[in-house]
$ cat start-v9.cif   # mmCIF, C-alpha atoms
data_upload
loop_
_atom_site.group_PDB
_atom_site.id
_atom_site.type_symbol
_atom_site.label_atom_id
_atom_site.label_comp_id
_atom_site.auth_asym_id
_atom_site.auth_seq_id
_atom_site.Cartn_x
_atom_site.Cartn_y
_atom_site.Cartn_z
ATOM 1 C CA MET A 1 40.765 89.234 197.318
ATOM 2 C CA ILE A 2 38.169 91.212 195.394
ATOM 3 C CA ASP A 3 35.972 88.234 194.698
ATOM 4 C CA LEU A 4 36.303 87.288 198.376
ATOM 5 C CA ILE A 5 34.876 90.656 199.396
ATOM 6 C CA ALA A 6 32.252 90.423 196.686
ATOM 7 C CA SER A 7 31.119 87.001 197.852
ATOM 8 C CA SER A 8 30.914 88.125 201.485
ATOM 9 C CA ALA A 9 28.862 91.149 200.394
ATOM 10 C CA ALA A 10 26.598 88.819 198.447
ATOM 11 C CA LEU A 11 26.311 86.666 201.554
ATOM 12 C CA MET A 12 25.200 89.679 203.639
ATOM 13 C CA ASN A 13 22.666 90.688 201.006
ATOM 14 C CA ALA A 14 21.292 87.193 200.882
ATOM 15 C CA SER A 15 20.847 86.889 204.639
ATOM 16 C CA ALA A 16 19.441 90.445 204.846
ATOM 17 C CA THR A 17 16.715 89.598 202.371
ATOM 18 C CA GLY A 18 16.054 86.442 204.275
ATOM 19 C CA VAL A 19 16.724 84.034 201.447
ATOM 20 C CA GLU A 20 17.842 81.138 203.583
ATOM 21 C CA ALA A 21 18.543 78.769 200.740
ATOM 22 C CA LEU A 22 20.825 81.249 198.973
ATOM 23 C CA SER A 23 22.861 82.020 202.090
ATOM 24 C CA GLU A 24 23.336 78.321 202.669
ATOM 25 C CA MET A 25 24.591 78.086 199.117
ATOM 26 C CA MET A 26 26.954 81.054 199.515
ATOM 27 C CA LEU A 27 28.566 80.031 202.807
ATOM 28 C CA PRO A 28 30.493 77.053 201.443
ATOM 29 C CA GLN A 29 31.729 79.267 198.575
ATOM 30 C CA LEU A 30 33.141 81.838 201.016
ATOM 31 C CA ALA A 31 34.734 79.147 203.161
ATOM 32 C CA HIS A 32 36.092 77.595 199.970
ATOM 33 C CA ASP A 33 37.722 80.880 198.947
ATOM 34 C CA ILE A 34 39.313 81.446 202.348
ATOM 35 C CA MET A 35 40.603 77.888 202.410
ATOM 36 C CA ALA A 36 42.063 78.314 198.928
ATOM 37 C CA TYR A 37 43.944 81.499 199.888
ATOM 38 C CA VAL A 38 45.223 79.959 203.132
ATOM 39 C CA ALA A 39 46.379 76.839 201.275
ATOM 40 C CA TYR A 40 48.045 78.973 198.592
ATOM 41 C CA GLY A 41 49.941 80.953 201.235
ATOM 42 C CA LEU A 42 51.045 77.750 202.922
ATOM 43 C CA TYR A 43 52.303 76.274 199.666
ATOM 44 C CA VAL A 44 54.167 79.458 198.752
ATOM 45 C CA LEU A 45 55.871 79.302 202.148
ATOM 46 C CA LEU A 46 56.758 75.659 201.427
ATOM 47 C CA ILE A 47 58.245 76.602 198.036
ATOM 48 C CA LEU A 48 60.099 79.640 199.374
ATOM 49 C CA GLY A 49 61.480 77.885 202.458
ATOM 50 C CA GLY A 50 62.474 74.750 200.605
ATOM 51 C CA GLY A 51 64.002 76.740 197.770
ATOM 52 C CA LEU A 52 66.075 78.957 200.040
ATOM 53 C CA TRP A 53 67.172 75.879 201.955
ATOM 54 C CA ALA A 54 68.173 74.165 198.723
ATOM 55 C CA VAL A 55 70.128 77.187 197.540
ATOM 56 C CA LEU A 56 71.804 78.241 200.782
ATOM 57 C CA ALA A 57 72.461 74.954 202.609
ATOM 58 C CA ARG A 58 76.173 74.242 202.857
ATOM 59 C CA ASN A 59 75.619 70.484 202.909
ATOM 60 C CA LEU A 60 74.483 69.090 199.581
ATOM 61 C CA VAL A 61 72.331 66.348 201.119
ATOM 62 C CA ARG A 62 70.421 69.007 203.061
ATOM 63 C CA ALA A 63 70.142 71.067 199.889
ATOM 64 C CA MET A 64 68.563 68.052 198.209
ATOM 65 C CA PHE A 65 66.019 67.746 201.024
ATOM 66 C CA GLY A 66 65.174 71.406 200.566
ATOM 67 C CA LEU A 67 64.618 70.631 196.890
ATOM 68 C CA VAL A 68 62.245 67.803 197.854
ATOM 69 C CA VAL A 69 60.268 70.225 200.042
ATOM 70 C CA THR A 70 60.021 72.611 197.070
ATOM 71 C CA PHE A 71 58.824 69.794 194.796
ATOM 72 C CA MET A 72 56.141 68.930 197.358
ATOM 73 C CA GLY A 73 55.018 72.556 197.468
ATOM 74 C CA VAL A 74 54.674 72.605 193.682
ATOM 75 C CA ALA A 75 52.796 69.282 193.755
ATOM 76 C CA ALA A 76 50.404 70.787 196.295
ATOM 77 C CA MET A 77 49.904 73.768 193.954
ATOM 78 C CA TYR A 78 48.977 71.380 191.150
ATOM 79 C CA LEU A 79 46.400 69.832 193.499
ATOM 80 C CA LEU A 80 45.072 73.307 194.305
ATOM 81 C CA MET A 81 44.685 73.879 190.558
ATOM 82 C CA ALA A 82 42.480 70.747 190.343
ATOM 83 C CA SER A 83 45.016 68.728 188.360
ATOM 84 C CA PRO A 84 45.705 65.713 190.594
ATOM 85 C CA PHE A 85 47.355 63.795 187.758
ATOM 86 C CA MET A 86 50.049 66.467 187.497
ATOM 87 C CA ALA A 87 50.571 66.362 191.268
ATOM 88 C CA PHE A 88 50.982 62.596 191.084
ATOM 89 C CA MET A 89 53.435 62.882 188.189
ATOM 90 C CA GLN A 90 55.359 65.545 190.102
ATOM 91 C CA LEU A 91 55.715 63.223 193.092
ATOM 92 C CA LEU A 92 56.560 60.240 190.901
ATOM 93 C CA ILE A 93 59.077 61.834 188.510
ATOM 94 C CA TYR A 94 60.656 64.635 190.519
ATOM 95 C CA ILE A 95 60.661 63.232 194.037
ATOM 96 C CA GLY A 96 60.801 59.569 193.042
ATOM 97 C CA ALA A 97 63.318 59.703 190.212
ATOM 98 C CA ILE A 98 65.206 62.990 189.978
ATOM 99 C CA SER A 99 65.841 63.388 193.709
ATOM 100 C CA VAL A 100 67.200 59.852 193.803
ATOM 101 C CA LEU A 101 69.452 60.654 190.819
ATOM 102 C CA ILE A 102 70.747 63.767 192.586
ATOM 103 C CA PHE A 103 71.335 61.692 195.697
ATOM 104 C CA PHE A 104 73.338 59.222 193.584
ATOM 105 C CA ALA A 105 75.354 62.131 192.217
ATOM 106 C CA ILE A 106 76.100 63.397 195.726
ATOM 107 C CA MET A 107 77.115 59.937 196.889
ATOM 108 C CA LEU A 108 79.241 59.070 193.827
ATOM 109 C CA ILE A 109 81.102 62.357 194.165
ATOM 110 C CA LYS A 110 82.418 62.419 197.657
ATOM 111 C CA ASN A 111 81.992 66.037 198.664
ATOM 112 C CA THR A 112 79.040 65.911 201.019
ATOM 113 C CA SER A 113 80.422 67.605 204.110
ATOM 114 C CA SER A 114 84.026 68.443 203.288
ATOM 115 C CA GLY A 115 83.679 69.638 199.709
ATOM 116 C CA GLU A 116 83.887 73.004 198.065
ATOM 117 C CA GLU A 117 80.326 73.997 198.947
ATOM 118 C CA VAL A 118 81.131 74.322 202.660
ATOM 119 C CA ASN A 119 82.225 77.956 202.367
ATOM 120 C CA PHE A 120 79.808 80.639 201.347
ATOM 121 C CA PRO A 121 80.354 82.185 197.896
ATOM 122 C CA GLY A 122 82.505 85.271 197.654
ATOM 123 C CA PRO A 123 81.021 88.779 197.659
ATOM 124 C CA LEU A 124 81.272 89.204 193.889
ATOM 125 C CA GLN A 125 79.568 85.866 193.239
ATOM 126 C CA ALA A 126 76.833 86.636 195.769
ATOM 127 C CA LEU A 127 76.253 90.031 194.168
ATOM 128 C CA THR A 128 76.010 88.460 190.696
ATOM 129 C CA ALA A 129 73.556 85.877 192.016
ATOM 130 C CA LEU A 130 71.362 88.556 193.583
ATOM 131 C CA ILE A 131 71.383 90.634 190.394
ATOM 132 C CA SER A 132 70.477 87.610 188.290
ATOM 133 C CA ALA A 133 67.582 86.843 190.637
ATOM 134 C CA ALA A 134 66.384 90.450 190.751
ATOM 135 C CA ALA A 135 66.410 90.797 186.957
ATOM 136 C CA PRO A 136 63.464 88.425 186.250
ATOM 137 C CA LEU A 137 61.623 89.670 189.337
ATOM 138 C CA VAL A 138 61.886 93.284 188.173
ATOM 139 C CA LEU A 139 61.291 92.518 184.490
ATOM 140 C CA PHE A 140 58.532 89.919 184.626
ATOM 141 C CA GLY A 141 56.898 90.736 187.981
ATOM 142 C CA PRO A 142 55.218 93.997 186.910
ATOM 143 C CA ILE A 143 54.263 92.463 183.546
ATOM 144 C CA ILE A 144 52.528 89.554 185.294
ATOM 145 C CA VAL A 145 50.793 91.740 187.865
ATOM 146 C CA MET A 146 49.562 94.204 185.251
ATOM 147 C CA ASN A 147 48.559 91.812 182.487
ATOM 148 C CA ALA A 148 47.656 88.395 183.896
ATOM 149 C CA GLY A 149 44.478 89.736 185.488
ATOM 150 C CA LYS A 150 43.198 91.047 182.139
ATOM 151 C CA LEU A 151 42.979 87.633 180.510
ATOM 152 C CA ALA A 152 39.658 85.820 180.411
ATOM 153 C CA GLN A 153 39.876 83.402 183.303
ATOM 154 C CA THR A 154 38.173 80.435 184.851
ATOM 155 C CA GLU A 155 38.287 81.219 188.564
ATOM 156 C CA THR A 156 37.517 77.699 189.764
ATOM 157 C CA PRO A 157 39.282 75.195 187.514
ATOM 158 C CA VAL A 158 37.634 71.843 186.964
ATOM 159 C CA GLU A 159 39.485 68.562 186.884
ATOM 160 C CA THR A 160 40.453 67.367 183.407
ATOM 161 C CA PRO A 161 39.313 63.799 182.750
ATOM 162 C CA LEU A 162 42.239 61.411 182.441
ATOM 163 C CA ALA A 163 40.827 60.068 179.168
ATOM 164 C CA GLU A 164 41.191 63.555 177.670
ATOM 165 C CA LEU A 165 44.859 63.633 178.630
ATOM 166 C CA GLY A 166 45.416 60.254 177.003
ATOM 167 C CA GLN A 167 43.553 61.400 173.918
ATOM 168 C CA GLY A 168 45.826 64.446 173.660
ATOM 169 C CA LEU A 169 48.864 62.194 173.981
ATOM 170 C CA ILE A 170 47.947 60.025 171.002
ATOM 171 C CA GLU A 171 46.412 62.741 168.805
ATOM 172 C CA TYR A 172 47.734 66.255 169.331
ATOM 173 C CA TYR A 173 51.105 65.333 170.811
ATOM 174 C CA VAL A 174 51.762 62.085 168.975
ATOM 175 C CA VAL A 175 55.107 63.178 167.478
ATOM 176 C CA PRO A 176 56.556 64.630 170.731
ATOM 177 C CA PHE A 177 55.273 61.536 172.532
ATOM 178 C CA GLU A 178 57.262 59.286 170.210
ATOM 179 C CA MET A 179 60.268 61.618 170.220
ATOM 180 C CA ILE A 180 60.534 61.738 174.002
ATOM 181 C CA SER A 181 60.842 57.969 174.149
ATOM 182 C CA VAL A 182 63.784 58.256 171.736
ATOM 183 C CA VAL A 183 65.260 61.055 173.864
ATOM 184 C CA LEU A 184 64.957 58.967 177.030
ATOM 185 C CA LEU A 185 66.501 55.934 175.318
ATOM 186 C CA VAL A 186 69.403 57.990 173.962
ATOM 187 C CA ALA A 187 69.917 59.647 177.358
ATOM 188 C CA MET A 188 70.020 56.249 179.059
ATOM 189 C CA ALA A 189 72.396 54.772 176.471
ATOM 190 C CA GLY A 190 74.564 57.890 176.601
ATOM 191 C CA GLY A 191 74.676 57.777 180.376
ATOM 192 C CA VAL A 192 75.807 54.158 180.349
ATOM 193 C CA LEU A 193 78.363 54.856 177.637
ATOM 194 C CA LEU A 194 79.787 57.932 179.377
ATOM 195 C CA ALA A 195 80.109 56.362 182.784
ATOM 196 C CA TRP A 196 81.351 53.000 181.481
ATOM 197 C CA ASP A 197 84.392 51.885 183.409
ATOM 198 C CA LYS A 198 87.256 50.872 181.143
ATOM 199 C CA ARG A 199 88.260 48.036 183.475
ATOM 200 C CA PHE A 200 85.340 45.876 182.436
ATOM 201 C CA LYS A 201 86.160 46.042 178.731
ATOM 202 C CA LYS A 202 88.894 43.382 178.766
ATOM 203 C CA MET B 1 44.749 89.525 192.454
ATOM 204 C CA SER B 2 43.436 86.805 190.229
ATOM 205 C CA ALA B 3 44.391 83.181 190.678
ATOM 206 C CA LEU B 4 46.430 83.191 187.464
ATOM 207 C CA THR B 5 48.531 86.122 188.737
ATOM 208 C CA LEU B 6 49.207 84.326 192.010
ATOM 209 C CA TYR B 7 50.346 81.102 190.344
ATOM 210 C CA MET B 8 52.503 83.017 187.859
ATOM 211 C CA LEU B 9 54.162 84.857 190.749
ATOM 212 C CA ALA B 10 54.893 81.503 192.435
ATOM 213 C CA ALA B 11 56.521 80.290 189.210
ATOM 214 C CA LEU B 12 58.519 83.531 189.037
ATOM 215 C CA LEU B 13 59.672 82.925 192.613
ATOM 216 C CA LEU B 14 60.962 79.481 191.596
ATOM 217 C CA LEU B 15 62.781 81.058 188.632
ATOM 218 C CA ALA B 16 64.472 83.649 190.848
ATOM 219 C CA ILE B 17 65.530 81.148 193.535
ATOM 220 C CA GLY B 18 66.830 78.759 190.890
ATOM 221 C CA LEU B 19 68.904 81.512 189.280
ATOM 222 C CA VAL B 20 70.421 82.445 192.648
ATOM 223 C CA GLY B 21 71.443 78.825 193.130
ATOM 224 C CA LEU B 22 72.735 78.429 189.594
ATOM 225 C CA ILE B 23 75.085 81.396 189.974
ATOM 226 C CA SER B 24 76.138 80.958 193.589
ATOM 227 C CA ARG B 25 76.819 77.206 193.660
ATOM 228 C CA ARG B 26 80.383 76.116 193.051
ATOM 229 C CA THR B 27 79.882 72.453 192.177
ATOM 230 C CA LEU B 28 78.013 70.729 189.354
ATOM 231 C CA VAL B 29 75.745 68.930 191.851
ATOM 232 C CA GLY B 30 74.539 72.200 193.346
ATOM 233 C CA MET B 31 73.943 73.610 189.879
ATOM 234 C CA LEU B 32 71.912 70.506 188.925
ATOM 235 C CA ILE B 33 69.691 71.073 191.981
ATOM 236 C CA SER B 34 69.083 74.678 190.887
ATOM 237 C CA VAL B 35 68.331 73.715 187.276
ATOM 238 C CA GLU B 36 65.659 71.280 188.472
ATOM 239 C CA MET B 37 64.061 74.148 190.359
ATOM 240 C CA LEU B 38 64.047 76.320 187.219
ATOM 241 C CA LEU B 39 62.374 73.553 185.189
ATOM 242 C CA ASN B 40 59.795 73.032 187.919
ATOM 243 C CA GLY B 41 58.888 76.715 187.805
ATOM 244 C CA ALA B 42 58.428 76.490 184.036
ATOM 245 C CA GLY B 43 56.091 73.520 184.446
ATOM 246 C CA LEU B 44 54.047 75.293 187.105
ATOM 247 C CA SER B 45 53.540 78.350 184.907
ATOM 248 C CA VAL B 46 52.503 76.234 181.892
ATOM 249 C CA VAL B 47 49.932 74.299 183.906
ATOM 250 C CA ALA B 48 48.594 77.519 185.463
ATOM 251 C CA ALA B 49 48.232 79.108 182.036
ATOM 252 C CA ALA B 50 46.379 76.049 180.772
ATOM 253 C CA LYS B 51 44.060 75.473 183.726
ATOM 254 C CA LEU B 52 43.045 79.037 184.539
ATOM 255 C CA THR B 53 42.449 80.416 181.036
ATOM 256 C CA PRO B 54 40.084 79.159 178.338
ATOM 257 C CA ALA B 55 43.014 77.377 176.668
ATOM 258 C CA SER B 56 42.905 73.605 176.388
ATOM 259 C CA ASP B 57 43.604 71.957 179.746
ATOM 260 C CA ALA B 58 44.944 68.699 178.389
ATOM 261 C CA ILE B 59 47.497 70.258 176.042
ATOM 262 C CA GLY B 60 49.043 72.403 178.768
ATOM 263 C CA GLN B 61 49.250 69.556 181.250
ATOM 264 C CA LEU B 62 50.824 67.262 178.675
ATOM 265 C CA ALA B 63 53.407 69.949 177.849
ATOM 266 C CA THR B 64 54.424 69.880 181.516
ATOM 267 C CA ILE B 65 54.612 66.078 181.388
ATOM 268 C CA PHE B 66 57.081 66.478 178.509
ATOM 269 C CA ILE B 67 59.080 69.015 180.538
ATOM 270 C CA MET B 68 59.273 66.450 183.346
ATOM 271 C CA GLY B 69 60.458 63.756 180.920
ATOM 272 C CA LEU B 70 63.150 66.036 179.535
ATOM 273 C CA ALA B 71 64.200 66.958 183.078
ATOM 274 C CA ALA B 72 64.621 63.266 183.880
ATOM 275 C CA ALA B 73 66.721 62.697 180.736
ATOM 276 C CA GLU B 74 68.804 65.778 181.533
ATOM 277 C CA ALA B 75 69.432 64.651 185.113
ATOM 278 C CA THR B 76 70.568 61.232 183.877
ATOM 279 C CA LEU B 77 73.046 62.734 181.421
ATOM 280 C CA VAL B 78 74.358 65.270 183.922
ATOM 281 C CA LEU B 79 74.934 62.463 186.432
ATOM 282 C CA ALA B 80 76.976 60.533 183.855
ATOM 283 C CA MET B 81 78.934 63.675 182.942
ATOM 284 C CA MET B 82 79.665 64.355 186.594
ATOM 285 C CA VAL B 83 81.017 60.828 187.009
ATOM 286 C CA VAL B 84 83.321 61.366 183.993
ATOM 287 C CA VAL B 85 84.450 64.786 185.241
ATOM 288 C CA TYR B 86 85.077 63.422 188.722
ATOM 289 C CA ARG B 87 87.199 60.571 187.344
ATOM 290 C CA ARG B 88 89.280 62.981 185.309
ATOM 291 C CA PHE B 89 89.651 65.956 187.657
ATOM 292 C CA ASP B 90 88.970 64.343 191.084
ATOM 293 C CA THR B 91 86.504 67.147 191.772
ATOM 294 C CA VAL B 92 83.323 68.627 190.319
ATOM 295 C CA THR B 93 84.099 72.222 191.248
ATOM 296 C CA THR B 94 83.374 74.366 188.232
ATOM 297 C CA SER B 95 86.453 76.557 188.694
ATOM 298 C CA ALA B 96 88.699 73.486 188.383
ATOM 299 C CA LEU B 97 87.401 72.474 184.952
ATOM 300 C CA THR B 98 89.783 74.666 182.939
ATOM 301 C CA THR B 99 91.839 72.523 180.596
ATOM 302 C CA LEU B 100 91.723 75.106 177.817
ATOM 303 C CA LYS B 101 93.230 77.735 180.093
ATOM 304 C CA ASP B 102 96.949 77.717 180.790
ATOM 305 C CA ALA B 103 96.490 75.629 183.889
ATOM 306 C CA LYS B 104 99.167 75.171 186.515
ATOM 307 C CA LEU B 105 99.431 71.395 186.633
#
$ encode --input "start-v9.cif" --output "structure tokens"
Amino acid sequence: MIDLIASSAALMNASATGVEALSEMMLPQLAHDIMAYVAYGLYVLLILGGGLWAVLARNLVRAMFGLVVTFMGVAAMYLLMASPFMAFMQLLIYIGAISVLIFFAIMLIKNTSSGEEVNFPGPLQALTALISAAAPLVLFGPIIVMNAGKLAQTETPVETPLAELGQGLIEYYVVPFEMISVVLLVAMAGGVLLAWDKRFKK
Amino acid sequence: MSALTLYMLAALLLLAIGLVGLISRRTLVGMLISVEMLLNGAGLSVVAAAKLTPASDAIGQLATIFIMGLAAAEATLVLAMMVVVYRRFDTVTTSALTTLKDAKL
């Protein structure tokens, strides 16, 4: 907000001194800032609404759609942070793969509309849930608000070239990159082994 | 407020909502949905810390890619576990999974 006010003050100064070129340069910056704040507010609403829907919906399929809305809000935040590759990966992995997996889980376990989630949780459980949500908000919220602004910051992030990401994958992160392929292979093999139906063994 | 503060608060919001779901859901499917939300909040905060500070952009974004890969592996395994639990108990309600307790069978 402060830099918004500062840029509008700079805009007034520029037009007052009659520097036409400078005011034409400042106007897109101001519009850019306002657009960024409006978009941020919209995406927070998307995350909050989708998240509450995912947590409170009594039908698990609807909860999953709320989760998809939340994922889309986070993907939009990645776009706002000038990292379109992350937004694409978010759509591809979370919405394309994990949501489908959760949908499989809901369908394989037949408790969509008549299961145990239909009733709201009891008062004790609801109280515990609220306390567990308030704890990080109370603990980390003031820390973030007080300290995050003090760090040296780049106010307008620039897009990272994709080649740099690939370079990091084969140089800095080469061991985790190889390990995660092993983890995915083991997870897949373990999933098949766990869910293997004994009938097919004979 | 700076941009970094705003993104960190969004990640904190995801953490809080995910914790509410994790505690208040009664079935393993609902808990899986909440855990995905927690992991997503972690990824958002890592990318924000990488993009909006002088730290290396690529390293932070790749860390979030790894979080996404681990989330996919975790979802696969949890799906298989839920299938096993459902076959054995005919339900995935967490309060029913008490074989160590003196259960009334």
$ resolve_selection --input "start-v9.cif" --expression "the PyMOL selection byres ((chain B) within 6 of (chain A))" --output "number ranges by chain"
B: 2, 5, 16, 19-21, 23-24, 52-53, 58, 73, 77, 79-80
$ write_last_selection --input "start-v9.cif" --atoms "C-alpha atoms" --output "PDB file, in the coordinates of the input"
ATOM      1  CA  SER B   2      43.436  86.805 190.229  1.00  0.00           C
ATOM      2  CA  THR B   5      48.531  86.122 188.737  1.00  0.00           C
ATOM      3  CA  ALA B  16      64.472  83.649 190.848  1.00  0.00           C
ATOM      4  CA  LEU B  19      68.904  81.512 189.280  1.00  0.00           C
ATOM      5  CA  VAL B  20      70.421  82.445 192.648  1.00  0.00           C
ATOM      6  CA  GLY B  21      71.443  78.825 193.130  1.00  0.00           C
ATOM      7  CA  ILE B  23      75.085  81.396 189.974  1.00  0.00           C
ATOM      8  CA  SER B  24      76.138  80.958 193.589  1.00  0.00           C
ATOM      9  CA  LEU B  52      43.045  79.037 184.539  1.00  0.00           C
ATOM     10  CA  THR B  53      42.449  80.416 181.036  1.00  0.00           C
ATOM     11  CA  ALA B  58      44.944  68.699 178.389  1.00  0.00           C
ATOM     12  CA  ALA B  73      66.721  62.697 180.736  1.00  0.00           C
ATOM     13  CA  LEU B  77      73.046  62.734 181.421  1.00  0.00           C
ATOM     14  CA  LEU B  79      74.934  62.463 186.432  1.00  0.00           C
ATOM     15  CA  ALA B  80      76.976  60.533 183.855  1.00  0.00           C
TER      16      ALA B  80
END
$ atom_distance --input "start-v9.cif" --atom1 "atom CA of B:Leu97" --atom2 "atom CA of B:Asn40"
27.8 Å
$ atom_distance --input "start-v9.cif" --atom1 "atom CA of A:Gly73" --atom2 "atom CA of A:Phe88"
12.5 Å
$ axis_aligned_box --input "start-v9.cif" --around "stretch 4-16 of chain B" --padding-each-side "3 Å" --output "AutoDock Vina command-line options"
--center_x 55.5 --center_y 82.8 --center_z 190.0 --size_x 24.0 --size_y 12.6 --size_z 11.1
$ atom_distance --input "start-v9.cif" --atom1 "atom CA of B:Thr94" --atom2 "atom CA of B:Arg25"
9.0 Å
$ closest_residue --input "start-v9.cif" --among "A:Leu45, A:Ala31, A:Val138, A:Met179" --to "B:Phe66" --atoms "only C-alpha atoms"
A:Met179
$ residues_around --input "start-v9.cif" --residues "B:Leu22" --least-positions-apart "4" --cutoff "10 Å" --atoms "only C-alpha atoms" --output "count of residues only"
18
$ resolve_selection --input "start-v9.cif" --expression "the PyMOL selection byres ((chain B and resi 6-13) around 6)" --output "list in words"
Ala3, Leu4, Thr5, Leu14, Leu15, Ala16, Gly41, Leu44 and Ser45 of chain B
